[in-house]
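Below is one structure, written out as structure tokens; comments come after it.
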Amino acid sequence: MRGRRRVFLGASGRAGVAPGARVRHGGLAAGALVALLLAGCGSGTRQDAAEKSATYQMKVLAASFPARQSIARPTRMSLLVRNTGSSTVPNVAITVDSFNYASDYPALAANKRPVWAIEQGPGPIAKPPVETQEVSTPGGAQTAYVNTWALGPLPAGGTRLFTWKVIPVKPGAHTVTYTVAAGLAGKARAQLASGGPVAGRFNVEIAGAPAVTHVDPITGKVVNGTAYPESPAIP
């Protein structure tokens, strides 16, 4: 472009899925910015052009995330979502808040720090051979939003299971909230039969040290406690 005018592109905090959805940095987000630039120059179409403005009835059939966890002990969060309406949901998606927290430690390059390290997000993992190096969390449901995962169209009466394999890394009491959506652009909205939002929360306490466990020599299972309790003191 000719001239001395500088053009700055920024990503707003507007959530296409739910309040708090954040744009993922990297190639995917960069591609989205390029698309916006092209649209501003008179070519291309809006990202939400193909998404129909409609409301879809949905509900969470089952939600699980252990209320008591320990540092470094792998666990998982699961949400089973059903389309309870009569129309196909364009793209069932879930936004999860509080997997991270904002640190106030000075001079940080980025103040987002994990409460849970995500080992694997929802969706299938690419089968080898893979020609490019995997630089993001495994799971094919990733979107341009760092805290949103989508699993595609969901027919009437159908269900989708979202599962996150995570590792707690910050002790303390934490609240994790989640919101279900019917699309990524904000036009396709999800609601309960009662008209309320399809959302929920987990209250979790993360212990500062992993629980003591051992392998039972008889059953071969991992059980709580030490393998060889201390013998009583000899008088």
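Identifiers in the structure tokens: chain A, B, ... in order shown; residue index from 1 per chain; ligand index from 1 in order shown.
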| field | Which of range 22-233 of chain A fall in alpha helix (DSSP H), as a PyMOL selection string | value | chain A and resi 27-40
| task | Can you pull out every residue within 10 Å of Val60 in chain A, counting only C-alpha atoms, but drop anything in the same chain fewer than 2 positions away, and send it as a list in words? | result | Met58, Ala62, Ala63, Leu79, Leu80, Val81, Arg82, Asn83, Thr84, Thr159, Arg160, Leu161, Thr179, Val180, Leu192, Val198, Ala199 and Gly200 of chain A
Selected residues written out with C-alpha atoms, as a PDB file, in the first residue's frame:
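File produced: again_17.pdb:
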```pdb
ATOM      1  CA  MET A  58     -29.053 -27.946  23.885  1.00  0.00           C
ATOM      2  CA  ALA A  62     -23.131 -35.177  32.158  1.00  0.00           C
ATOM      3  CA  ALA A  63     -20.282 -33.093  33.546  1.00  0.00           C
ATOM      4  CA  LEU A  79     -18.725 -32.750  29.257  1.00  0.00           C
ATOM      5  CA  LEU A  80     -21.389 -34.682  27.357  1.00  0.00           C
ATOM      6  CA  VAL A  81     -23.579 -32.340  25.280  1.00  0.00           C
ATOM      7  CA  ARG A  82     -26.879 -33.175  23.574  1.00  0.00           C
ATOM      8  CA  ASN A  83     -28.823 -31.350  20.867  1.00  0.00           C
ATOM      9  CA  THR A  84     -32.355 -31.424  22.317  1.00  0.00           C
ATOM     10  CA  THR A 159     -24.491 -36.048  21.481  1.00  0.00           C
ATOM     11  CA  ARG A 160     -20.829 -35.007  21.588  1.00  0.00           C
ATOM     12  CA  LEU A 161     -18.298 -35.824  24.287  1.00  0.00           C
ATOM     13  CA  THR A 179     -20.303 -22.274  28.257  1.00  0.00           C
ATOM     14  CA  VAL A 180     -21.741 -24.258  25.333  1.00  0.00           C
ATOM     15  CA  LEU A 192     -31.743 -24.615  27.435  1.00  0.00           C
ATOM     16  CA  VAL A 198     -26.080 -23.792  28.520  1.00  0.00           C
ATOM     17  CA  ALA A 199     -23.348 -23.331  31.093  1.00  0.00           C
ATOM     18  CA  GLY A 200     -21.972 -24.614  34.369  1.00  0.00           C
TER      19      GLY A 200
END
```
| Could you pull the residues within 7 Å of Pro168 in chain A, counting only C-alpha atoms, minus those fewer than 2 positions along the same chain, as number ranges by chain? | A: 70-73, 115-117, 166, 170
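Proximity of A:Asn100, A:Ser78, A:Thr137, A:Gln57 to Glu119 in chain A, computed with only C-alpha atoms, is greatest for A:Thr137.
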